[in-house]
Structure formats: structure tokens, C-alpha cells
Amino acid sequence: MDYRQYIAQKLNLDCITSADIVLPPNSEMGDYALPCFKLAKTMRKSPAVIAEELKNSYPTDGVISGVSAVNGYLNFSVNKIGLANDVLNEVLNSGDKYGSSTQGNGKTVCIDYSSVNIAKPFHIGHLSTTVIGGALYKLYKFLGYKVVGINHLGDYGTQFGKLICAYKHWGNREEVEKGGIHAINDLYVRFNTEADEEMEREAREYFRLIESGDKQANELFEWFKSLTLKYVQGIYEKLGVEFDSYAGERFYTDKMQPIIDELREKQLLKESEGAQVVDLEPYGMPPCLILRSDGASLYATRDLAAATYRKNTYDFYKNLYVVAYQQNLHFKQVFKVLELMGKDWAKDCIHVAYGMVSLEDGAMSTRKGKVVWLEDVINRCIEKAYTVIEEKNPDLENKRDIAEKVGVGAVIFGALYNNKIKDVVFSYDKVLSFEGETGVYVQYTGARANSVLLKSDGKFNLPDNYEPNAQEFEVIKELASFPEILKEAAEKYEPCYVSRFAVSLAQKFNKFYIDCKILSSEGDSKPFRLALTKATLQTLKNALAILGISMPEKM
RNA sequence: GCACCGUUAGCUCAACUGGAUAGAGCGUUGGUCUACGGAACCAAAGGCUAGGGAUUCGAAUUCCUUACGGUGCACCA
């Protein structure tokens, strides 16, 4: 039920739409409001008089039970009985589907996220793209879209020549098999600190060998790639993140030439300082480099090919890139070039930018060993969760399992709680905090709700004409807002709308839980409160699921 | 130098996109255990929304400007 629209319709004024309906600052005033100040101009009356007149003419009914005029605002109170009934019925009937939608049916969304680089382990800086992308993936699916999750592998570049060179000089099979991706990364780091000119020359030669299809060089490369994928797969499983395509940069090797031809044909390409570029000066941007002076392709060239490939293959409705804001200019340039090429779908390409992570003593630096590895963060959170369980609930079954759900949940939730554009200074103190506005708080609330339900016989019939009290109604309103929250989150590409909703609902429920006895209440209260508890648990579960977090039954 | 982003309570952040008294968590202080799970709840203290101008009935939110911080700006990705 869209109350804004309902109210706007009943008001029956030309200049008022559902967008003009706002929420009052506190619920004693009402549930919705219309500020009458705009109307004052056209109606040539004071806002207070207008509100008073509208109040008298507004037809109250079973949906809107009260109207009042205060300080130029027209306040509406919804019929609590009706709303409570509608919401609880809908949540309980929809179950895992509550909040879902069919708005995306027939539309495909491509999401490029996480994009692992071969031979580079994840550090804490890779968390945002992975979990933001993962959450958007689930969110769009929930809203009925077909979603293609794309891991645009960083598998192309001269660094792989360096890596092979380093391996040939210092590495051996056993050590790499044993040490996995970190062993490969160590070799690469060593190359960057120790390599002389001779090795640099060798590295370029190895890169050329990869490119020209040399068997031995490619076998090594594929080996490094498989070790990398094995490593990230473990992390993705923990974080509940999935992909439909691993088409990386190399995949586009043979798909760039048609783009270059097209650019030339459309006379967009011109030479500048020996390189081939698209001039973007009229749009206030530096030129977009397409070919280096030695004829080699660049980052932008591959992204143009990739976007075109995605359009042709998936016919996307939207094509999202979950990449840090460092790349703002790059994507602006690429999208502009697509537009200049006459691709009308360029407007559907969106850079979902997020802020950067640094450490308390400055930026991360692999070379200086100033790195926080993602798997360490995850493991430490799981350990902390296990310790807390040992302390608070030592008889719990499946302690390891639940510690993982809680620990991983804390990591994901922490990364998705703020507006994504904000920079973050990583601290263990913060991720290891399990109190207040955290994923653990939401899970704990769910476990509490579940515990109540287990103690009841689980059978109740929702009473027909039960008027909820203040605490109950706060929970009801929160539950009712979930579908709308999801739509806004998708529109703004902001998973934090979902995590904030989860905390807010948990807070409202906890207040209700403290103030109102559930199991020992009498009359219609008991079945109503059980229904409310069950609906809250369900909705918290659905919200967490979108974020990639599971709800433990006990903890 | 130019461009983009950010700046809200001691700290970390919200604020439904221009609406009423700017809200949470952490921290601090003081409360709530005869428990449906204290990983919780209640209360108090804490704000000239970085400074200055403008638009508006009305601004944390829009525009201009200054300061501070971040990022980017040609052959890396």
C-alpha cells in the first residue's frame, strides 16, 4: 500500500503529487504530512488557513483515520488496525520473498565488481567492491532483474612478464604450491625491489612470449591464474558472493580491433604525441588514450571493448562498474567516448564509485609490508565471535559454524553500513566491535526473536481487529517500509540503505521486546505479538540475505 | 595549477533528496537482572551542521566564495 499516493489522490489537488507528502519528525504528529507553504502562493492564503480548510474537507476513511492541521502542516494518521493487519499478513505470507518485486522482469543488469588481479591476494581495500557488488547483485535479483555478475579479471599486462621472470630466478614449484598466492605475490614484490635492468629486459621478453602464445610462458601464467582463482573462491564462498562470468582483460584481446576500426571510421581517433587518442577537450576532459605510440592497447581500449561486448551479449538495461572513485575520470572518459561513437546505451553505463581504505598510519603499501590481508580480518573476526560464544553460550551446538556466520557478518556489515562514497580508515578495534550498530546486533535480535517463537507452540491466528500500542506500531511501520527501502537502495546503488534499515528495525523490535511481554501476554495481544515477532525475524533475515549475511537461529 | 569528492556531537556516521525540535552508535555519567537471551534496554550530558555570502515562507541539503582533507589530470591497470 503506497500511502503517499493514496493521500495525494484523495487530496485531489492538481499541484500535489505523492512526492509532496513528507514524514513528520515524530509519530505523535501523525504518520504522513503535507506542508502547505507551496500552496500559499497560488491560493493566496496563509499555510495555516489552507491546512485547516484541507483538514475539514479531507474524507477520512478506513485507510486514513485522522487528519490534523498544525503550523501549516496537514498531518495524516493511518488506520493502525488496517495497516498492522495488512503488513503482518503480507510478511508472513510472502516469507523469504517479502520485499521482493517484479519491477525488473525482462531487464538485465550487468555488474562488474571485485575484479581480482592475478597473483595479487586481497587486502582490506578489496572488500568494498566485493561486498557492495555482491549486495547489489542480490538486491537486483530480489527485485526481479536478471543479473550478470562479472569478475573482470586483471589478467593482462607487463607485470606478468615480471612475475614469470621472478619465478624463473628465485622461485620453485614446491614453494609456490605450498605458499599459494602469497608466495607468488612475494616473488612479484621481490622483483620490484631487486630487479636490475637485465631482469627488466627479460620481463618484457616474457610478456611478449605470453602474448605470442608461447607454450611454456602460458602454462606458467595459467598456473598462477588457477592458484589465484582457487584462493579467491574461498573468500567469495565465505562472503556469499557469486559471479556468472570471469571474462577478464585478456578475454578482450581480439575484441579491441573492431572498436579501433569503428573509432577511426567515425573519425574520432587522432594522433597526438605519437599516440592514438580521442580528443575530449570540448567536454573539459583530457584525451582518452586508445593506442600507445608503440601501437599497444590500453585500459580504456579494453573497457570500450568490454562494454560493447556486454551490450551485444546481454543487452543490458544497466551496466554497473563497482570501482573506487580513483577511477572517476577514466569512466567518465570511456562513457563519453561510447556516447561519441553513437551508442545510445552509453547512458546506461554507470560507475558505482566508493571511497578508499587507508590504515591508521597512512596508505597501504605492499612493498613496505604495510598491508592488512582480507583473510586475516575475516579470520580474526571469526575467532573473536568464537571467543564471545565460549564466554556467553558455551553449550551452543555448532559453535564453529555460528562463529563463522557472526564473524563474517560483522566484516560484511561493517563495510556496508556507511554511504559508499566515504573514505574509511581501517581499524581492528572497529571491525571487532560487536555492540551497537553492527551486524552482530541484528543477528542477536533475530536470535532473540527466534528464541521466543521456539518457546511458544508456534501456532497463532492473527486477530482481526487488534489495535497495536505505540511500540508495536513502530515495528509495524518499519516492517511496512522494507519494500520501498529496497527500491531506493537499488535506485541509488546504496546497500547501506538496507543495512541501516536492518539496524533500525532491530532497534524498534528491541524496544518493543523490553516493554511488552510476548509469551505471558493475554487475549489478542499474544497472537498479535507472536505474529509481529515472526514477521520481524523474517524481515531481518531477508535484509541480511541481500547483504550476503546469514541469520543464525541461535548464537 | 585545473577538475571532481568530502567536511554534521569528543570519535564513527545518519538525516526519506528543500520541510516542523538535526538523529543513532561508540565513549562519558547515572540507571534497568524474580531473564520471552544483558552481544540488550532506559536516562543525562554533548550541535552557530568548517567560515562567509546568496536564493527561499523555510537550507545540513541548492548556488557563489574561502579554508582544510582526499582523489585524479598522456602512453600502468
# chains A, B, ... in the order shown; residues from 1 in each chain; ligands from 1
$ residues_around --residues "segment 419-427 of chain A" --least-positions-apart "2" --cutoff "8 Å" --atoms "only C-alpha atoms (C1' of nucleotides)" --output "number ranges by chain"
A: 124, 325, 353-360, 416-417, 429-431, 494, 496; B: 6
$ write_last_selection --atoms "N, CA and C atoms (P, O5', C5', C4', C3', O3' and C1' of nucleotides)" --output "PDB file, in the first residue's frame"
ATOM      1  N   ILE A 124      42.511  -5.422   2.544  1.00  0.00           N
ATOM      2  CA  ILE A 124      41.264  -4.870   3.051  1.00  0.00           C
ATOM      3  C   ILE A 124      40.618  -3.907   2.044  1.00  0.00           C
ATOM      4  N   TYR A 325      36.525   5.475  -6.432  1.00  0.00           N
ATOM      5  CA  TYR A 325      36.382   6.767  -7.107  1.00  0.00           C
ATOM      6  C   TYR A 325      37.675   7.278  -7.733  1.00  0.00           C
ATOM      7  N   ALA A 353      30.803   4.426  -7.721  1.00  0.00           N
ATOM      8  CA  ALA A 353      32.079   4.746  -7.073  1.00  0.00           C
ATOM      9  C   ALA A 353      31.968   4.634  -5.561  1.00  0.00           C
ATOM     10  N   TYR A 354      33.033   4.182  -4.940  1.00  0.00           N
ATOM     11  CA  TYR A 354      33.047   4.111  -3.480  1.00  0.00           C
ATOM     12  C   TYR A 354      34.373   4.661  -2.965  1.00  0.00           C
ATOM     13  N   GLY A 355      34.426   4.935  -1.669  1.00  0.00           N
ATOM     14  CA  GLY A 355      35.592   5.567  -1.059  1.00  0.00           C
ATOM     15  C   GLY A 355      36.744   4.601  -0.826  1.00  0.00           C
ATOM     16  N   MET A 356      37.858   5.144  -0.412  1.00  0.00           N
ATOM     17  CA  MET A 356      39.065   4.348  -0.313  1.00  0.00           C
ATOM     18  C   MET A 356      39.413   4.009   1.141  1.00  0.00           C
ATOM     19  N   VAL A 357      40.152   2.926   1.281  1.00  0.00           N
ATOM     20  CA  VAL A 357      40.555   2.477   2.605  1.00  0.00           C
ATOM     21  C   VAL A 357      42.021   2.822   2.846  1.00  0.00           C
ATOM     22  N   SER A 358      42.290   3.371   3.999  1.00  0.00           N
ATOM     23  CA  SER A 358      43.689   3.564   4.382  1.00  0.00           C
ATOM     24  C   SER A 358      43.878   2.974   5.773  1.00  0.00           C
ATOM     25  N   LEU A 359      45.131   2.923   6.220  1.00  0.00           N
ATOM     26  CA  LEU A 359      45.400   2.424   7.561  1.00  0.00           C
ATOM     27  C   LEU A 359      45.628   3.605   8.487  1.00  0.00           C
ATOM     28  N   GLU A 360      45.650   3.329   9.780  1.00  0.00           N
ATOM     29  CA  GLU A 360      45.782   4.433  10.719  1.00  0.00           C
ATOM     30  C   GLU A 360      47.078   5.218  10.524  1.00  0.00           C
ATOM     31  N   LEU A 416      29.364  -2.288   4.756  1.00  0.00           N
ATOM     32  CA  LEU A 416      28.173  -1.819   4.035  1.00  0.00           C
ATOM     33  C   LEU A 416      27.317  -0.870   4.866  1.00  0.00           C
ATOM     34  N   TYR A 417      27.827  -0.396   5.985  1.00  0.00           N
ATOM     35  CA  TYR A 417      26.957   0.392   6.857  1.00  0.00           C
ATOM     36  C   TYR A 417      26.939   1.876   6.524  1.00  0.00           C
ATOM     37  N   ASP A 429      39.992  -2.471  15.949  1.00  0.00           N
ATOM     38  CA  ASP A 429      39.064  -2.162  17.034  1.00  0.00           C
ATOM     39  C   ASP A 429      37.642  -2.046  16.516  1.00  0.00           C
ATOM     40  N   LYS A 430      37.518  -1.405  15.370  1.00  0.00           N
ATOM     41  CA  LYS A 430      36.178  -1.156  14.839  1.00  0.00           C
ATOM     42  C   LYS A 430      35.527  -2.433  14.322  1.00  0.00           C
ATOM     43  N   VAL A 431      36.226  -3.199  13.481  1.00  0.00           N
ATOM     44  CA  VAL A 431      35.560  -4.401  12.943  1.00  0.00           C
ATOM     45  C   VAL A 431      35.316  -5.439  14.024  1.00  0.00           C
ATOM     46  N   GLU A 494      22.926   1.904  -3.315  1.00  0.00           N
ATOM     47  CA  GLU A 494      23.408   2.066  -1.945  1.00  0.00           C
ATOM     48  C   GLU A 494      22.981   0.920  -1.024  1.00  0.00           C
ATOM     49  N   CYS A 496      23.858   0.457   1.839  1.00  0.00           N
ATOM     50  CA  CYS A 496      23.754   0.908   3.224  1.00  0.00           C
ATOM     51  C   CYS A 496      22.309   1.231   3.604  1.00  0.00           C
TER      52      CYS A 496
ATOM     53  P     G B   6      30.299  15.075  -2.112  1.00  0.00           P
ATOM     54  O5'   G B   6      31.189  15.051  -0.789  1.00  0.00           O
ATOM     55  C5'   G B   6      31.251  13.875  -0.001  1.00  0.00           C
ATOM     56  C4'   G B   6      32.384  13.968   0.974  1.00  0.00           C
ATOM     57  C3'   G B   6      32.222  14.967   2.102  1.00  0.00           C
ATOM     58  O3'   G B   6      31.418  14.454   3.138  1.00  0.00           O
ATOM     59  C1'   G B   6      34.383  15.162   1.199  1.00  0.00           C
TER      60        G B   6
END
$ closest_atom_pairs --of "chain B" --to "chain A" --cutoff "8 Å" --atoms "only C-alpha atoms (C1' of nucleotides)" --output "Markdown table"
| residue | atom | partner | partner_atom | distance |
| --- | --- | --- | --- | --- |
| B:C4 | C1' | A:Asn328 | CA | 7.9 |
| B:G6 | C1' | A:Lys422 | CA | 7.5 |
| B:C13 | C1' | A:Asn418 | CA | 6.9 |
| B:C16 | C1' | A:Leu23 | CA | 7.8 |
| B:G19 | C1' | A:Pro35 | CA | 6.9 |
| B:A20 | C1' | A:Pro25 | CA | 7.0 |
| B:G25 | C1' | A:Gly436 | CA | 5.3 |
| B:C26 | C1' | A:Gly436 | CA | 7.7 |
| B:C36 | C1' | A:Val452 | CA | 5.2 |
| B:G37 | C1' | A:Arg448 | CA | 5.8 |
| B:A39 | C1' | A:Glu435 | CA | 6.1 |
| B:A40 | C1' | A:Asn510 | CA | 7.5 |
| B:C41 | C1' | A:Ile514 | CA | 6.4 |
| B:C57 | C1' | A:Phe37 | CA | 6.6 |
| B:U71 | C1' | A:Gln326 | CA | 5.6 |
| B:G72 | C1' | A:Gln326 | CA | 6.4 |
| B:C73 | C1' | A:Pro286 | CA | 7.2 |
| B:A74 | C1' | A:Leu289 | CA | 7.0 |
| B:C75 | C1' | A:Arg292 | CA | 4.6 |
| B:A77 | C1' | A:Tyr299 | CA | 6.2 |
$ residues_around --residues "segment 217-224 of chain A" --least-positions-apart "4" --cutoff "9 Å" --atoms "only C-alpha atoms (C1' of nucleotides)" --output "ChimeraX atom specification"
/A:118-119,160-161,163-164,180-181,184,206-207,209-211,213,228-229
$ residues_around --residues "G46 of chain B" --least-positions-apart "2" --cutoff "12 Å" --atoms "only C-alpha atoms (C1' of nucleotides)" --output "PDB file with C-alpha atoms (C1' of nucleotides), in the first residue's frame"
ATOM      1  C1'   A B   9      28.091  15.883  18.916  1.00  0.00           C
ATOM      2  C1'   G B  10      34.797  14.144  21.956  1.00  0.00           C
ATOM      3  C1'   G B  27      32.909   6.845  24.538  1.00  0.00           C
ATOM      4  C1'   U B  28      31.467   9.548  29.377  1.00  0.00           C
ATOM      5  C1'   U B  29      27.914   9.787  33.734  1.00  0.00           C
ATOM      6  C1'   A B  44      21.564  12.543  31.128  1.00  0.00           C
TER       7        A B  44
END
$ atom_distance --atom1 "atom CA of Val377 of chain A" --atom2 "atom CA of Val189 of chain A"
21.8 Å
$ closest_residue --among "A:Lys384, A:His152, A:Phe331, A:Val131" --to "Glu237 of chain A" --atoms "only C-alpha atoms"
A:Val131
$ residues_around --residues "Glu90 of chain A" --least-positions-apart "5" --cutoff "10 Å" --atoms "only C-alpha atoms (C1' of nucleotides)" --output "list in words"
Ala84, Asn85, Gly95, Lys97, Tyr98, Gly99, Ala480 and Ala535 of chain A
$ write_last_selection --atoms "C-alpha atoms" --output "PDB file, in the first residue's frame"
ATOM      1  CA  ALA A  84      -0.977  -3.805  11.105  1.00  0.00           C
ATOM      2  CA  ASN A  85      -3.186  -6.438   9.551  1.00  0.00           C
ATOM      3  CA  GLY A  95       8.151 -15.272   3.783  1.00  0.00           C
ATOM      4  CA  LYS A  97      10.032 -13.226  -0.690  1.00  0.00           C
ATOM      5  CA  TYR A  98       8.873 -10.319   1.443  1.00  0.00           C
ATOM      6  CA  GLY A  99      10.254  -7.129  -0.077  1.00  0.00           C
ATOM      7  CA  ALA A 480       5.989  -1.802   6.074  1.00  0.00           C
ATOM      8  CA  ALA A 535       7.419 -11.044  10.854  1.00  0.00           C
TER       9      ALA A 535
END
$ atom_distance --atom1 "atom CA of Ile132 of chain A" --atom2 "atom CA of Tyr246 of chain A"
17.8 Å
$ atom_distance --atom1 "atom CA of Cys349 of chain A" --atom2 "atom CA of Ile150 of chain A"
14.1 Å
$ residues_around --residues "Gly144 of chain A" --least-positions-apart "2" --cutoff "8 Å" --atoms "only C-alpha atoms (C1' of nucleotides)" --output "PDB file with C-alpha atoms, in the first residue's frame"
ATOM      1  CA  SER A 100      10.827  -8.682  -3.484  1.00  0.00           C
ATOM      2  CA  SER A 101       9.333  -7.263  -6.630  1.00  0.00           C
ATOM      3  CA  THR A 102       8.727  -7.900 -10.288  1.00  0.00           C
ATOM      4  CA  GLN A 103       9.813  -4.428 -11.362  1.00  0.00           C
ATOM      5  CA  GLY A 104      12.908  -5.835 -13.047  1.00  0.00           C
ATOM      6  CA  ASN A 105      11.254  -8.592 -15.011  1.00  0.00           C
ATOM      7  CA  TYR A 140      18.604  -6.575  -8.192  1.00  0.00           C
ATOM      8  CA  LYS A 141      17.780 -10.268  -8.333  1.00  0.00           C
ATOM      9  CA  PHE A 142      15.329  -9.796  -5.481  1.00  0.00           C
ATOM     10  CA  LYS A 146      18.218 -10.804 -14.435  1.00  0.00           C
TER      11      LYS A 146
END
$ select_by_dssp --residues "segment 48-246 of chain A" --states "helix (DSSP H, G or I)" --output "MDAnalysis selection string"
chainID A and resid 48:57 80:97 124:142 159:170 173:194 197:211 215:239
$ residues_around --residues "Gly82 of chain A" --least-positions-apart "2" --cutoff "10 Å" --atoms "only C-alpha atoms (C1' of nucleotides)" --output "PDB file with N, CA and C atoms, in the first residue's frame"
ATOM      1  N   GLY A  62     -11.284   4.207   5.998  1.00  0.00           N
ATOM      2  CA  GLY A  62     -10.657   3.069   6.662  1.00  0.00           C
ATOM      3  C   GLY A  62      -9.146   3.057   6.551  1.00  0.00           C
ATOM      4  N   VAL A  63      -8.615   3.866   5.646  1.00  0.00           N
ATOM      5  CA  VAL A  63      -7.170   3.868   5.454  1.00  0.00           C
ATOM      6  C   VAL A  63      -6.523   4.983   6.265  1.00  0.00           C
ATOM      7  N   ILE A  64      -7.058   6.177   6.110  1.00  0.00           N
ATOM      8  CA  ILE A  64      -6.582   7.320   6.882  1.00  0.00           C
ATOM      9  C   ILE A  64      -7.618   7.605   7.960  1.00  0.00           C
ATOM     10  N   SER A  65      -7.196   7.474   9.213  1.00  0.00           N
ATOM     11  CA  SER A  65      -8.197   7.577  10.269  1.00  0.00           C
ATOM     12  C   SER A  65      -8.232   8.945  10.927  1.00  0.00           C
ATOM     13  N   VAL A  78      -2.548   7.103   9.833  1.00  0.00           N
ATOM     14  CA  VAL A  78      -3.128   5.957   9.140  1.00  0.00           C
ATOM     15  C   VAL A  78      -3.892   5.094  10.142  1.00  0.00           C
ATOM     16  N   ASN A  79      -4.794   4.346   9.624  1.00  0.00           N
ATOM     17  CA  ASN A  79      -5.568   3.411  10.422  1.00  0.00           C
ATOM     18  C   ASN A  79      -4.654   2.286  10.892  1.00  0.00           C
ATOM     19  N   LYS A  80      -4.341   2.307  12.170  1.00  0.00           N
ATOM     20  CA  LYS A  80      -3.345   1.373  12.705  1.00  0.00           C
ATOM     21  C   LYS A  80      -3.787  -0.071  12.569  1.00  0.00           C
ATOM     22  N   ALA A  84      -1.592  -2.684  10.395  1.00  0.00           N
ATOM     23  CA  ALA A  84      -0.977  -3.805  11.105  1.00  0.00           C
ATOM     24  C   ALA A  84      -1.396  -5.121  10.462  1.00  0.00           C
ATOM     25  N   ASN A  85      -2.666  -5.225  10.168  1.00  0.00           N
ATOM     26  CA  ASN A  85      -3.186  -6.438   9.551  1.00  0.00           C
ATOM     27  C   ASN A  85      -2.566  -6.705   8.188  1.00  0.00           C
ATOM     28  N   ASP A  86      -2.562  -5.661   7.361  1.00  0.00           N
ATOM     29  CA  ASP A  86      -2.016  -5.800   6.008  1.00  0.00           C
ATOM     30  C   ASP A  86      -0.562  -6.235   6.050  1.00  0.00           C
ATOM     31  N   VAL A  87       0.213  -5.519   6.862  1.00  0.00           N
ATOM     32  CA  VAL A  87       1.660  -5.764   6.869  1.00  0.00           C
ATOM     33  C   VAL A  87       1.987  -7.157   7.380  1.00  0.00           C
ATOM     34  N   ASP A 464      -8.214 -10.149  14.225  1.00  0.00           N
ATOM     35  CA  ASP A 464      -8.731  -9.261  13.179  1.00  0.00           C
ATOM     36  C   ASP A 464      -8.667  -7.780  13.520  1.00  0.00           C
ATOM     37  N   ASN A 465      -9.171  -7.442  14.688  1.00  0.00           N
ATOM     38  CA  ASN A 465      -9.309  -6.014  14.976  1.00  0.00           C
ATOM     39  C   ASN A 465      -8.466  -5.577  16.151  1.00  0.00           C
ATOM     40  N   TYR A 466      -7.205  -5.919  16.081  1.00  0.00           N
ATOM     41  CA  TYR A 466      -6.311  -5.594  17.180  1.00  0.00           C
ATOM     42  C   TYR A 466      -5.675  -4.229  16.943  1.00  0.00           C
ATOM     43  N   GLU A 467      -5.811  -3.361  17.924  1.00  0.00           N
ATOM     44  CA  GLU A 467      -5.187  -2.042  17.773  1.00  0.00           C
ATOM     45  C   GLU A 467      -3.820  -2.052  18.442  1.00  0.00           C
TER      46      GLU A 467
END
$ closest_residue --among "A:Gln216, A:Ala247, A:Glu205, A:Ser128" --to "Asn151 of chain A" --atoms "only C-alpha atoms"
A:Ala247
$ select_by_dssp --residues "segment 83-207 of chain A" --states "strand (DSSP E)" --output "number ranges by chain"
A: 108-112, 146-150
